[in-house]
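For reference, input39.json is printed below; it contains JSON, C-alpha atoms.
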```json
[["chain", "number", "residue", "atom", "x", "y", "z"],
["A", 861, "MET", "CA", -24.75, 4.05, -86.67],
["A", 862, "LYS", "CA", -25.37, 4.13, -90.40],
["A", 863, "ALA", "CA", -28.52, 6.21, -89.95],
["A", 864, "ARG", "CA", -26.59, 8.61, -87.76],
["A", 865, "VAL", "CA", -23.87, 9.07, -90.42],
["A", 866, "VAL", "CA", -26.49, 9.66, -93.11],
["A", 867, "ALA", "CA", -28.14, 12.32, -90.93],
["A", 868, "VAL", "CA", -24.84, 14.10, -90.35],
["A", 869, "LEU", "CA", -24.04, 14.02, -94.08],
["A", 870, "ALA", "CA", -27.49, 15.41, -94.88],
["A", 871, "VAL", "CA", -27.01, 18.32, -92.47],
["A", 872, "ALA", "CA", -23.57, 18.99, -93.94],
["A", 873, "ALA", "CA", -24.95, 18.97, -97.48],
["A", 874, "ILE", "CA", -27.68, 21.44, -96.53],
["A", 875, "SER", "CA", -25.11, 23.69, -94.86],
["A", 876, "LEU", "CA", -22.91, 23.63, -97.96],
["A", 877, "CYS", "CA", -25.84, 24.55, -100.16],
["A", 878, "MET", "CA", -26.71, 27.45, -97.90],
["A", 879, "ALA", "CA", -23.09, 28.58, -97.84],
["A", 880, "VAL", "CA", -23.11, 28.78, -101.62],
["A", 881, "GLU", "CA", -26.52, 30.39, -102.10],
["A", 882, "VAL", "CA", -27.07, 32.74, -99.17],
["A", 883, "PRO", "CA", -24.27, 35.29, -99.73],
["A", 884, "ALA", "CA", -25.20, 35.70, -103.39],
["A", 885, "GLN", "CA", -28.96, 35.88, -103.04],
["A", 886, "ILE", "CA", -30.13, 36.84, -99.57],
["A", 887, "GLY", "CA", -29.02, 38.44, -96.34],
["A", 888, "ILE", "CA", -30.03, 37.70, -92.78],
["A", 889, "GLU", "CA", -31.56, 40.62, -90.88],
["A", 890, "LEU", "CA", -29.73, 41.20, -87.61],
["A", 891, "CYS", "CA", -32.57, 41.30, -85.09],
["A", 892, "THR", "CA", -35.29, 38.96, -86.29],
["A", 893, "GLY", "CA", -33.43, 36.42, -88.40],
["A", 894, "GLN", "CA", -35.73, 37.06, -91.37],
["A", 895, "LEU", "CA", -34.43, 36.33, -94.83],
["A", 896, "ALA", "CA", -34.36, 38.89, -97.63],
["A", 897, "SER", "CA", -36.65, 38.07, -100.54],
["A", 898, "ALA", "CA", -34.65, 39.70, -103.35],
["A", 899, "PRO", "CA", -31.08, 39.39, -104.62],
["A", 900, "ILE", "CA", -28.62, 41.85, -103.13],
["A", 901, "GLU", "CA", -27.46, 44.59, -105.55],
["A", 902, "GLN", "CA", -24.47, 42.59, -106.77],
["A", 903, "PRO", "CA", -23.34, 44.96, -109.58],
["A", 904, "TYR", "CA", -23.16, 47.81, -107.08],
["A", 905, "LEU", "CA", -21.28, 45.68, -104.55],
["A", 906, "SER", "CA", -18.77, 44.65, -107.21],
["A", 907, "ARG", "CA", -18.04, 48.30, -108.01],
["A", 908, "LEU", "CA", -17.71, 49.06, -104.29],
["A", 909, "GLU", "CA", -15.31, 46.17, -103.71],
["A", 910, "ASN", "CA", -13.22, 47.24, -106.71],
["A", 911, "GLY", "CA", -13.02, 50.81, -105.45],
["A", 912, "LEU", "CA", -12.03, 49.69, -101.97],
["A", 913, "GLU", "CA", -9.32, 47.47, -103.39],
["A", 914, "ARG", "CA", -7.91, 50.41, -105.35],
["A", 915, "LEU", "CA", -8.02, 52.67, -102.29],
["A", 916, "SER", "CA", -6.19, 50.07, -100.17],
["A", 917, "SER", "CA", -3.55, 49.89, -102.89],
["A", 918, "GLY", "CA", -2.92, 53.60, -102.52],
["A", 919, "SER", "CA", -4.92, 54.95, -105.48],
["A", 920, "THR", "CA", -6.10, 58.49, -104.66],
["A", 921, "GLY", "CA", -8.31, 58.39, -107.74],
["A", 922, "ALA", "CA", -10.57, 55.93, -105.90],
["A", 923, "VAL", "CA", -11.65, 58.57, -103.36],
["A", 924, "PRO", "CA", -14.19, 60.52, -105.50],
["A", 925, "GLU", "CA", -15.49, 57.26, -106.97],
["A", 926, "LEU", "CA", -16.06, 55.76, -103.53],
["A", 927, "GLU", "CA", -17.67, 58.95, -102.26],
["A", 928, "GLN", "CA", -20.15, 58.68, -105.11],
["A", 929, "LEU", "CA", -20.71, 54.98, -104.41],
["A", 930, "PHE", "CA", -21.49, 55.68, -100.74],
["A", 931, "GLY", "CA", -24.04, 58.24, -101.85],
["A", 932, "GLN", "CA", -25.59, 55.69, -104.18],
["A", 933, "ALA", "CA", -25.71, 53.18, -101.32],
["A", 934, "SER", "CA", -27.88, 55.55, -99.28],
["A", 935, "THR", "CA", -30.21, 56.04, -102.24],
["A", 936, "ILE", "CA", -30.46, 52.29, -102.92],
["A", 937, "LEU", "CA", -31.12, 51.61, -99.24],
["A", 938, "VAL", "CA", -34.05, 54.06, -99.15],
["A", 939, "MET", "CA", -35.49, 52.65, -102.38],
["A", 940, "LEU", "CA", -35.27, 49.07, -101.12],
["A", 941, "ARG", "CA", -36.78, 50.09, -97.78],
["A", 942, "GLU", "CA", -39.87, 51.38, -99.56],
["A", 943, "GLU", "CA", -40.40, 47.94, -101.09],
["A", 944, "ALA", "CA", -39.24, 45.55, -98.35],
["A", 945, "LEU", "CA", -37.41, 46.50, -95.17],
["A", 946, "VAL", "CA", -35.68, 43.12, -94.89],
["A", 947, "ASP", "CA", -34.19, 43.51, -98.37],
["A", 948, "ALA", "CA", -32.94, 46.97, -97.45],
["A", 949, "LEU", "CA", -31.27, 45.71, -94.29],
["A", 950, "ALA", "CA", -29.68, 42.81, -96.17],
["A", 951, "PHE", "CA", -28.21, 45.25, -98.68],
["A", 952, "ALA", "CA", -26.91, 47.55, -95.92],
["A", 953, "GLN", "CA", -25.25, 44.63, -94.17],
["A", 954, "ALA", "CA", -23.64, 43.57, -97.45],
["A", 955, "VAL", "CA", -22.19, 47.08, -97.85],
["A", 956, "GLU", "CA", -20.86, 46.99, -94.29],
["A", 957, "ARG", "CA", -19.27, 43.58, -94.88],
["A", 958, "ALA", "CA", -17.61, 44.84, -98.06],
["A", 959, "LEU", "CA", -16.16, 47.78, -96.16],
["A", 960, "LYS", "CA", -14.88, 45.58, -93.36],
["A", 961, "VAL", "CA", -13.22, 43.17, -95.79],
["A", 962, "GLY", "CA", -12.04, 45.84, -98.22],
["A", 963, "GLY", "CA", -10.24, 48.08, -95.76],
["A", 964, "SER", "CA", -12.37, 50.33, -93.59],
["A", 965, "GLU", "CA", -9.17, 51.76, -92.03],
["A", 966, "ALA", "CA", -8.21, 53.27, -95.39],
["A", 967, "VAL", "CA", -11.70, 54.75, -95.76],
["A", 968, "LEU", "CA", -11.53, 56.47, -92.39],
["A", 969, "THR", "CA", -8.25, 58.18, -93.25],
["A", 970, "GLU", "CA", -10.16, 60.19, -95.86],
["A", 971, "PRO", "CA", -12.55, 62.72, -94.21],
["A", 972, "ALA", "CA", -14.71, 62.92, -97.34],
["A", 973, "LEU", "CA", -15.20, 59.14, -97.35],
["A", 974, "ALA", "CA", -15.73, 59.01, -93.57],
["A", 975, "THR", "CA", -18.45, 61.64, -93.99],
["A", 976, "ALA", "CA", -20.12, 59.78, -96.86],
["A", 977, "TRP", "CA", -20.00, 56.52, -94.92],
["A", 978, "ALA", "CA", -21.44, 58.27, -91.84],
["A", 979, "ARG", "CA", -24.34, 59.53, -93.98],
["A", 980, "PHE", "CA", -24.96, 55.96, -95.13],
["A", 981, "ARG", "CA", -24.85, 54.67, -91.56],
["A", 982, "LEU", "CA", -27.40, 57.27, -90.51],
["A", 983, "THR", "CA", -29.76, 55.86, -93.13],
["A", 984, "PHE", "CA", -28.89, 52.31, -92.07],
["A", 985, "ALA", "CA", -29.53, 53.13, -88.40],
["A", 986, "ASP", "CA", -32.88, 54.71, -89.27],
["A", 987, "SER", "CA", -33.79, 51.55, -91.18],
["A", 988, "LEU", "CA", -32.83, 49.39, -88.21],
["A", 989, "GLN", "CA", -35.07, 51.49, -85.98],
["A", 990, "THR", "CA", -37.91, 51.03, -88.44],
["A", 991, "GLY", "CA", -37.31, 47.31, -88.08],
["A", 992, "ASP", "CA", -37.44, 47.64, -84.26],
["A", 993, "CYS", "CA", -33.71, 47.03, -83.86],
["A", 994, "PRO", "CA", -32.61, 49.99, -81.70],
["A", 995, "GLY", "CA", -29.71, 48.12, -80.09],
["A", 996, "GLU", "CA", -28.03, 47.38, -83.41],
["A", 997, "ALA", "CA", -28.64, 50.95, -84.60],
["A", 998, "GLU", "CA", -27.07, 52.35, -81.43],
["A", 999, "GLU", "CA", -23.97, 50.20, -81.91],
["A", 1000, "LEU", "CA", -23.54, 51.54, -85.45],
["A", 1001, "LEU", "CA", -23.79, 55.18, -84.44],
["A", 1002, "ALA", "CA", -21.63, 54.84, -81.31],
["A", 1003, "LYS", "CA", -18.71, 53.95, -83.57],
["A", 1004, "VAL", "CA", -19.48, 56.67, -86.12],
["A", 1005, "ARG", "CA", -19.18, 59.38, -83.46],
["A", 1006, "LEU", "CA", -15.44, 58.69, -83.34],
["A", 1007, "TRP", "CA", -14.94, 59.23, -87.06],
["A", 1008, "PRO", "CA", -13.41, 62.37, -88.69],
["A", 1009, "ILE", "CA", -16.69, 63.64, -90.17],
["A", 1010, "ALA", "CA", -16.09, 66.74, -92.28],
["A", 1011, "ASP", "CA", -19.74, 67.84, -92.59],
["A", 1012, "THR", "CA", -21.00, 69.48, -89.38],
["A", 1013, "GLY", "CA", -24.61, 68.72, -90.30],
["A", 1014, "ILE", "CA", -23.91, 65.01, -90.65],
["A", 1015, "ALA", "CA", -21.90, 65.03, -87.41],
["A", 1016, "ALA", "CA", -24.80, 66.69, -85.58],
["A", 1017, "GLY", "CA", -27.21, 64.16, -87.09],
["A", 1018, "VAL", "CA", -25.11, 61.26, -85.83],
["A", 1019, "ILE", "CA", -24.96, 62.66, -82.29],
["A", 1020, "ALA", "CA", -28.67, 63.50, -82.20],
["A", 1021, "SER", "CA", -29.71, 60.08, -83.54],
["A", 1022, "HIS", "CA", -27.37, 58.31, -81.12],
["A", 1023, "GLY", "CA", -28.80, 60.28, -78.20],
["A", 1024, "ALA", "CA", -32.36, 59.46, -79.25],
["A", 1025, "LEU", "CA", -31.51, 55.76, -79.37],
["A", 1026, "LEU", "CA", -29.97, 55.92, -75.90],
["A", 1027, "VAL", "CA", -33.22, 57.44, -74.61],
["A", 1028, "ARG", "CA", -35.20, 54.67, -76.30],
["A", 1029, "LEU", "CA", -32.95, 52.03, -74.75],
["A", 1030, "GLY", "CA", -33.32, 53.59, -71.28],
["A", 1031, "ARG", "CA", -29.66, 54.60, -71.01],
["A", 1032, "LEU", "CA", -30.60, 58.02, -69.73],
["A", 1033, "HIS", "CA", -27.28, 59.19, -68.31],
["A", 1034, "GLY", "CA", -25.53, 58.46, -71.60],
["A", 1035, "ALA", "CA", -28.34, 60.17, -73.51],
["A", 1036, "ILE", "CA", -28.10, 63.32, -71.37],
["A", 1037, "GLU", "CA", -24.33, 63.54, -71.81],
["A", 1038, "THR", "CA", -24.64, 62.92, -75.55],
["A", 1039, "LEU", "CA", -27.37, 65.51, -76.16],
["A", 1040, "ARG", "CA", -26.17, 68.21, -73.75],
["A", 1041, "PRO", "CA", -24.12, 70.06, -76.44],
["A", 1042, "PHE", "CA", -27.36, 70.91, -78.26],
["A", 1043, "LEU", "CA", -28.50, 72.86, -75.20],
["A", 1044, "GLU", "CA", -25.30, 74.89, -75.19],
["A", 1045, "ALA", "CA", -25.13, 75.52, -78.96],
["A", 1046, "GLU", "CA", -25.41, 79.18, -79.92],
["A", 1047, "VAL", "CA", -24.57, 79.14, -83.63],
["A", 1048, "PRO", "CA", -27.78, 79.32, -85.72],
["A", 1049, "PRO", "CA", -28.62, 76.30, -87.91],
["A", 1050, "LEU", "CA", -27.55, 76.51, -91.54],
["A", 1051, "ASP", "CA", -30.55, 74.78, -93.10],
["A", 1052, "PHE", "CA", -33.88, 73.17, -92.25],
["A", 1053, "THR", "CA", -32.35, 69.73, -91.83],
["A", 1054, "GLU", "CA", -30.00, 71.05, -89.15],
["A", 1055, "LEU", "CA", -32.89, 72.92, -87.49],
["A", 1056, "ARG", "CA", -34.92, 69.72, -87.37],
["A", 1057, "THR", "CA", -31.94, 67.80, -85.99],
["A", 1058, "ARG", "CA", -31.37, 70.28, -83.17],
["A", 1059, "PHE", "CA", -35.05, 70.47, -82.33],
["A", 1060, "ALA", "CA", -35.37, 66.68, -82.11],
["A", 1061, "ALA", "CA", -32.22, 66.50, -79.98],
["A", 1062, "LEU", "CA", -33.58, 69.03, -77.49],
["A", 1063, "ASN", "CA", -36.91, 67.20, -77.27],
["A", 1064, "ASN", "CA", -35.09, 63.95, -76.57],
["A", 1065, "LEU", "CA", -32.84, 65.64, -74.02],
["A", 1066, "GLY", "CA", -35.95, 66.89, -72.26],
["A", 1067, "ALA", "CA", -37.41, 63.39, -72.31],
["A", 1068, "ALA", "CA", -34.22, 61.91, -70.83],
["A", 1069, "LEU", "CA", -34.12, 64.52, -68.05],
["A", 1070, "ARG", "CA", -37.80, 63.99, -67.28],
["A", 1071, "GLN", "CA", -37.46, 60.21, -67.12],
["A", 1072, "SER", "CA", -34.38, 60.47, -64.92],
["A", 1073, "GLY", "CA", -36.24, 62.65, -62.44],
["A", 1074, "GLU", "CA", -34.40, 65.91, -63.22],
["A", 1075, "ARG", "CA", -37.59, 67.81, -63.95],
["A", 1076, "THR", "CA", -36.29, 71.18, -62.79],
["A", 1077, "ARG", "CA", -33.93, 71.22, -65.80],
["A", 1078, "VAL", "CA", -36.56, 70.16, -68.33],
["A", 1079, "ALA", "CA", -38.16, 73.60, -68.56],
["A", 1080, "ARG", "CA", -34.82, 75.14, -69.57],
["A", 1081, "VAL", "CA", -34.42, 72.57, -72.35],
["A", 1082, "TYR", "CA", -37.94, 73.11, -73.68],
["A", 1083, "GLN", "CA", -37.48, 76.88, -73.55],
["A", 1084, "LYS", "CA", -34.27, 76.55, -75.55],
["A", 1085, "ALA", "CA", -36.15, 74.49, -78.14],
["A", 1086, "LEU", "CA", -38.97, 77.02, -78.29],
["A", 1087, "THR", "CA", -36.55, 79.93, -78.72],
["A", 1088, "LEU", "CA", -34.82, 77.99, -81.50],
["A", 1089, "VAL", "CA", -37.92, 77.20, -83.54],
["A", 1090, "LEU", "CA", -39.61, 80.58, -83.12],
["A", 1091, "ASP", "CA", -36.51, 82.52, -84.14],
["A", 1092, "PRO", "CA", -37.29, 84.35, -87.43],
["A", 1093, "ALA", "CA", -33.99, 83.06, -88.84],
["A", 1094, "SER", "CA", -35.20, 79.50, -88.20],
["A", 1095, "VAL", "CA", -38.62, 80.15, -89.73],
["A", 1096, "ALA", "CA", -36.86, 81.49, -92.83],
["A", 1097, "LEU", "CA", -35.27, 78.07, -93.33],
["A", 1098, "ILE", "CA", -38.68, 76.55, -94.18],
["A", 1099, "ARG", "CA", -38.67, 76.06, -97.97],
["A", 1100, "THR", "CA", -41.35, 73.49, -98.81],
["A", 1101, "ASP", "CA", -44.82, 72.40, -97.71],
["A", 1102, "ARG", "CA", -43.24, 69.28, -96.27],
["A", 1103, "ASP", "CA", -40.88, 71.43, -94.20],
["A", 1104, "ARG", "CA", -43.88, 73.40, -92.93],
["A", 1105, "LEU", "CA", -45.70, 70.22, -91.95],
["A", 1106, "THR", "CA", -42.64, 68.95, -90.07],
["A", 1107, "TYR", "CA", -42.15, 72.34, -88.39],
["A", 1108, "GLU", "CA", -45.74, 72.70, -87.18],
["A", 1109, "SER", "CA", -45.93, 69.08, -86.04],
["A", 1110, "GLY", "CA", -42.74, 69.51, -84.02],
["A", 1111, "LEU", "CA", -44.00, 72.77, -82.55],
["A", 1112, "ALA", "CA", -47.24, 71.08, -81.49],
["A", 1113, "LYS", "CA", -45.27, 68.30, -79.80],
["A", 1114, "LEU", "CA", -43.17, 70.87, -77.94],
["A", 1115, "TYR", "CA", -46.25, 72.73, -76.69],
["A", 1116, "LEU", "CA", -47.72, 69.42, -75.53],
["A", 1117, "ASN", "CA", -44.50, 68.72, -73.64],
["A", 1118, "PHE", "CA", -44.79, 72.13, -71.99],
["A", 1119, "ALA", "CA", -48.42, 71.40, -71.07],
["A", 1120, "ALA", "CA", -47.46, 68.05, -69.54],
["A", 1121, "LEU", "CA", -44.70, 69.75, -67.54],
["A", 1122, "MET", "CA", -47.05, 72.44, -66.25],
["A", 1123, "LEU", "CA", -49.60, 69.80, -65.32],
["A", 1124, "PHE", "CA", -46.98, 67.82, -63.42],
["A", 1125, "ASN", "CA", -46.00, 71.00, -61.56],
["A", 1126, "GLN", "CA", -49.71, 71.52, -60.78],
["A", 1127, "ASP", "CA", -49.66, 74.85, -62.59],
["A", 1128, "THR", "CA", -53.02, 74.41, -64.30],
["A", 1129, "ASP", "CA", -53.28, 78.09, -65.25],
["A", 1130, "LYS", "CA", -50.38, 77.61, -67.70],
["A", 1131, "THR", "CA", -51.41, 74.15, -68.87],
["A", 1132, "TRP", "CA", -54.42, 75.23, -70.90],
["A", 1133, "PRO", "CA", -52.63, 77.99, -72.92],
["A", 1134, "TYR", "CA", -49.98, 75.49, -74.03],
["A", 1135, "LEU", "CA", -52.70, 73.03, -75.06],
["A", 1136, "GLN", "CA", -54.34, 75.77, -77.13],
["A", 1137, "LYS", "CA", -51.04, 76.58, -78.84],
["A", 1138, "ALA", "CA", -50.52, 72.87, -79.59],
["A", 1139, "HIS", "CA", -53.99, 72.72, -81.13],
["A", 1140, "ILE", "CA", -53.30, 75.75, -83.34],
["A", 1141, "ALA", "CA", -49.99, 74.24, -84.52],
["A", 1142, "LEU", "CA", -51.77, 70.99, -85.36],
["A", 1143, "GLU", "CA", -54.39, 72.91, -87.33],
["A", 1144, "ARG", "CA", -51.68, 74.66, -89.33],
["A", 1145, "SER", "CA", -50.07, 71.31, -90.05],
["A", 1146, "GLY", "CA", -53.39, 69.93, -91.29],
["A", 1147, "GLN", "CA", -53.57, 67.21, -88.65],
["A", 1148, "THR", "CA", -56.90, 68.31, -87.17],
["A", 1149, "GLU", "CA", -60.11, 69.42, -88.78],
["A", 1150, "SER", "CA", -61.43, 71.56, -85.93]]
```

Encoded form using structure tokens:
Amino acid sequence: MKARVVAVLAVAAISLCMAVEVPAQIGIELCTGQLASAPIEQPYLSRLENGLERLSSGSTGAVPELEQLFGQASTILVMLREEALVDALAFAQAVERALKVGGSEAVLTEPALATAWARFRLTFADSLQTGDCPGEAEELLAKVRLWPIADTGIAAGVIASHGALLVRLGRLHGAIETLRPFLEAEVPPLDFTELRTRFAALNNLGAALRQSGERTRVARVYQKALTLVLDPASVALIRTDRDRLTYESGLAKLYLNFAALMLFNQDTDKTWPYLQKAHIALERSGQTES
């Protein structure tokens, strides 16, 4: 009996130590249970908690400060991710906890803050995918889609990323319904980021239709994507060498998708031309030496 009591007390002591140390020093990554190796950015979190407290108290002056802090959170998350993904995820979770405790309802009543938080969640979701946690990323973005996001580019990014995650998780019907608006969109993209978002969304819509057996509709989706990226207005959005690399790589992938579709339809005469176009796009992107 005595030994049993000692064992229970030992477990309790360990738990108390962990309760004191873990929140201040490390976070637990959602999917794998790994522990972060570096302290969470406590000075930043203190400023965030203070701003949230002021917002909940009705201070309108907290809005621009919090908008800036959300932007900083995205930057910190990317920087931490470059060093250690687990540390980045621990920081992102700490930010989310602070928002939940500090009054997320007040944040969502301000479109500017909802937009800034949505941008942060996009970065968080991307980090979770990098850590092979698509389910957790999908849950984050499913909620964001209901928010009053003021920036149309961010809103489109949320929908496109959510649709891609649904494809990855095999929830094809949901993915098709989520990504369908990109097929019907007629307004030209405003910048290269929006062009890339739409292009990725159409590729994922095509993948969802193909996997669900609706192959007759895939060609229309791919043609829409091709028309989008070859439009001179879209080409004019390319500003940097990195943009060009992304553009040509995406174009090559699209041509390969066309080739696979033609091959499936046993139209071999059209398969080879698409493969040639894919090869040329890869050459322009510097991904092949031939």

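The coordinates place atom CA of Leu926 of chain A at 6.1 Å from atom CA of Gly911 of chain A.
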
Inset, instruction - Please provide the set of residues having any atom within 8 Å of segment 1023-1040 of chain A, restricted to only C-alpha atoms, with same-chain residues fewer than 6 positions apart removed, written as a PyMOL selection string. - result: chain A and resi 994-995+997-998+1061-1062+1064-1065+1067-1069+1071-1072

Hey, can you spit out that residue selection with C-alpha atoms as a PDB file, in the frame of the given file?
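Saved as part-v7.pdb:
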```
ATOM      1  CA  PRO A 994     -32.610  49.990 -81.700  1.00  0.00           C
ATOM      2  CA  GLY A 995     -29.710  48.120 -80.090  1.00  0.00           C
ATOM      3  CA  ALA A 997     -28.640  50.950 -84.600  1.00  0.00           C
ATOM      4  CA  GLU A 998     -27.070  52.350 -81.430  1.00  0.00           C
ATOM      5  CA  ALA A1061     -32.220  66.500 -79.980  1.00  0.00           C
ATOM      6  CA  LEU A1062     -33.580  69.030 -77.490  1.00  0.00           C
ATOM      7  CA  ASN A1064     -35.090  63.950 -76.570  1.00  0.00           C
ATOM      8  CA  LEU A1065     -32.840  65.640 -74.020  1.00  0.00           C
ATOM      9  CA  ALA A1067     -37.410  63.390 -72.310  1.00  0.00           C
ATOM     10  CA  ALA A1068     -34.220  61.910 -70.830  1.00  0.00           C
ATOM     11  CA  LEU A1069     -34.120  64.520 -68.050  1.00  0.00           C
ATOM     12  CA  GLN A1071     -37.460  60.210 -67.120  1.00  0.00           C
ATOM     13  CA  SER A1072     -34.380  60.470 -64.920  1.00  0.00           C
TER      14      SER A1072
END
```

Could you state the separation of atom CA of Lys960 of chain A and atom CA of Leu912 of chain A in Å, given to one decimal place?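 We find that atom CA of Lys960 of chain A and atom CA of Leu912 of chain A lie 10.0 Å from each other.
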
Expected residue set, 12 Å radius at (-39.1, 75.0, -66.8), all atoms listed in the file, as a ChimeraX atom specification:
/A:1066,1069-1070,1074-1086,1117-1125,1127,1130

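Rounded to one decimal, atom CA of Ser1109 of chain A and atom CA of Met939 of chain A lie 25.4 Å from each other.
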
Using only C-alpha atoms, the best pick from A:Ser916, A:Ser906, A:Gln953, A:Thr969 as closest to Leu988 of chain A would be A:Gln953

Could you give me the axis-aligned bounding box of segment 1034-1038 of chain A, with 4 Å of padding per side, as centre plus edge lengths in Å to one decimal, as JSON?
```
{"center_x": -26.3, "center_y": 61.0, "center_z": -73.5, "size_x": 12.0, "size_y": 13.1, "size_z": 12.2}
```

* To do: Considering only C-alpha atoms, state which residue in the set A:Ser1145, A:Asn910, A:Gln989, A:Thr1100 is at the smallest distance from Ala922 of chain A.
  =>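 Closest to Ala922 of chain A of all the choices is A:Asn910.
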
All residues 12 Å or closer to Leu1006 of chain A, all atoms listed in the file, same chain fewer than 4 positions away omitted, as a PDB file with C-alpha atoms, in the coordinates of the input:
```pdb
ATOM      1  CA  LEU A 968     -11.530  56.470 -92.390  1.00  0.00           C
ATOM      2  CA  PRO A 971     -12.550  62.720 -94.210  1.00  0.00           C
ATOM      3  CA  ALA A 974     -15.730  59.010 -93.570  1.00  0.00           C
ATOM      4  CA  THR A 975     -18.450  61.640 -93.990  1.00  0.00           C
ATOM      5  CA  ALA A 978     -21.440  58.270 -91.840  1.00  0.00           C
ATOM      6  CA  LEU A1000     -23.540  51.540 -85.450  1.00  0.00           C
ATOM      7  CA  LEU A1001     -23.790  55.180 -84.440  1.00  0.00           C
ATOM      8  CA  ALA A1002     -21.630  54.840 -81.310  1.00  0.00           C
ATOM      9  CA  ALA A1015     -21.900  65.030 -87.410  1.00  0.00           C
ATOM     10  CA  VAL A1018     -25.110  61.260 -85.830  1.00  0.00           C
ATOM     11  CA  ILE A1019     -24.960  62.660 -82.290  1.00  0.00           C
TER      12      ILE A1019
END
```

Using all atoms listed in the file, the shortest atom-to-atom distance to Phe980 of chain A among A:Glu1046, A:Ala1010, A:Gln932, A:Ala948 belongs to A:Gln932

Task: Answer as a list in words, residues within 10 Å of (-36.8, 74.2, -95.7) using only C-alpha atoms - done: Asp1051, Phe1052, Thr1053, Glu1054, Leu1055, Arg1056, Ser1094, Val1095, Ala1096, Leu1097, Ile1098, Arg1099, Thr1100, Asp1101, Arg1102, Asp1103, Arg1104, Thr1106 and Tyr1107 of chain A

| message | Applying 12 Å and all atoms listed in the file, which residues near Gln1136 of chain A remain after dropping the ones on its own chain fewer than 4 positions away? List them as a PyMOL selection string. | response | chain A and resi 1112+1115-1116+1118-1119+1130-1132+1140-1143

Between A:Ile1014, A:Val961, A:Ala966, A:Val946, smallest distance to Asp992 of chain A by only C-alpha atoms belongs to A:Val946

Quiz item: Given the choices A:Ala950, A:Ala944, A:Val938, A:Leu915, which gets closest to Glu965 of chain A if the distance is worked out from all atoms listed in the file?
Solution: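 Going through A:Ala950, A:Ala944, A:Val938, A:Leu915 one by one, the smallest distance to Glu965 of chain A is for A:Leu915.
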